[in-house]
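J.: Can you read through this structure? Questions will come right after.
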Amino acid sequence: MDKYKKILLDRESPQYLYLQLFEIIKEMIMNSQIDQGSKLPPIRRLASLLKVNSSTIVSAYDLLENK
């Protein structure tokens with residue numbers, strides 16, 4: 001979970017939080033910070049860690065799954 005603590009979302013940005021999160025996680029996968037095919041943190045735990053709504057995590061995970 002430590003690597004996810006470094007995720008910073010810009011709440012002042014015009015870009016939706018779920019899109020920011022999608023881009024960050026995708027970049028982490030591409031840079032081998034997260035192994036491809038490995039499990040991502042549970043939705044509620046990551047939402048709590050990042051202080052966002054669970055639907056933000058669900059939307060980001062959906063994009064990751066479909067890309």
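Within each chain, counting starts at residue 1; across the structure tokens, chains are named A, B, ... in the order shown, with ligands numbered 1 upward in that order.
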As a list in words, please: the residues near region 52-62 of chain A (cut-off 7 Å, only C-alpha atoms, same-chain neighbours under 3 positions excluded).
T.: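 The neighbour list is Leu17, Tyr18, Leu19, Leu21, Phe22, Ile43, Arg44, Ala47, Ser48, Glu65 and Asn66 of chain A.
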J.: For Leu40 (chain A), please output as a list in words all residues within 10 Å (counting only C-alpha atoms; exclusion window: fewer than 5 positions along the same chain).
T.: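 In the requested format, the answer is Met1, Tyr4, Ile25, Ile34, Asp35, Leu46 and Tyr61 of chain A.
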J.: Mind dumping the selected residues with N, CA and C atoms as a PDB file, in the first residue's frame?
T.:
ATOM      1  N   MET A   1       0.825  -1.207   0.000  1.00  0.00           N
ATOM      2  CA  MET A   1       0.000   0.000   0.000  1.00  0.00           C
ATOM      3  C   MET A   1       0.858   1.256   0.000  1.00  0.00           C
ATOM      4  N   TYR A   4       0.951   3.546  -3.008  1.00  0.00           N
ATOM      5  CA  TYR A   4      -0.280   4.286  -3.286  1.00  0.00           C
ATOM      6  C   TYR A   4      -0.410   5.526  -2.407  1.00  0.00           C
ATOM      7  N   ILE A  25      -2.117   5.667 -12.107  1.00  0.00           N
ATOM      8  CA  ILE A  25      -1.944   4.218 -11.974  1.00  0.00           C
ATOM      9  C   ILE A  25      -1.412   3.618 -13.276  1.00  0.00           C
ATOM     10  N   ILE A  34       4.094  -0.846 -10.436  1.00  0.00           N
ATOM     11  CA  ILE A  34       3.049  -1.834 -10.168  1.00  0.00           C
ATOM     12  C   ILE A  34       3.198  -2.897 -11.243  1.00  0.00           C
ATOM     13  N   ASP A  35       3.269  -4.150 -10.834  1.00  0.00           N
ATOM     14  CA  ASP A  35       3.402  -5.240 -11.792  1.00  0.00           C
ATOM     15  C   ASP A  35       2.122  -5.411 -12.586  1.00  0.00           C
ATOM     16  N   LEU A  46      -8.471   2.146  -0.832  1.00  0.00           N
ATOM     17  CA  LEU A  46      -7.821   3.195  -1.612  1.00  0.00           C
ATOM     18  C   LEU A  46      -8.597   4.507  -1.522  1.00  0.00           C
ATOM     19  N   TYR A  61     -10.705   2.372 -11.967  1.00  0.00           N
ATOM     20  CA  TYR A  61     -10.455   0.946 -12.170  1.00  0.00           C
ATOM     21  C   TYR A  61     -11.159   0.447 -13.439  1.00  0.00           C
TER      22      TYR A  61
END
J.: Any chance you could list, as number ranges by chain, the residues in chain A that come up alpha helix (DSSP H) when DSSP is run on the backbone?
T.: A: 2-5, 17-30, 43-50, 54-66
J.: Could you jot down the CA of Lys3 (chain A) to CA of Met28 (chain A) separation for me, Å, one decimal place?
T.: 9.2 Å
J.: What gap, in Å, lies between CA of Leu50 (chain A) and CA of Asn31 (chain A)?
T.: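 Pair CA of Leu50 (chain A) / CA of Asn31 (chain A) returns 21.0 Å.
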J.: From the options A:Ser38, A:Leu63, A:Lys51, A:Arg45, which residue's atoms come nearest to Arg11 (chain A), counting only C-alpha atoms?
T.: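 Closest to Arg11 (chain A) of all the choices is A:Lys51.
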J.: Separation of CA of Gln36 (chain A) and CA of Glu23 (chain A), in Å?
T.: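 Computed distance, CA of Gln36 (chain A) to CA of Glu23 (chain A), equals 14.9 Å.
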J.: Would you please work out which residue, of A:Pro41, A:Gln33, A:Ile24, A:Leu64, is nearest to Leu9 (chain A) when using only C-alpha atoms?
T.: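 When distances to Leu9 (chain A) are compared using only C-alpha atoms, the smallest one comes from A:Ile24.
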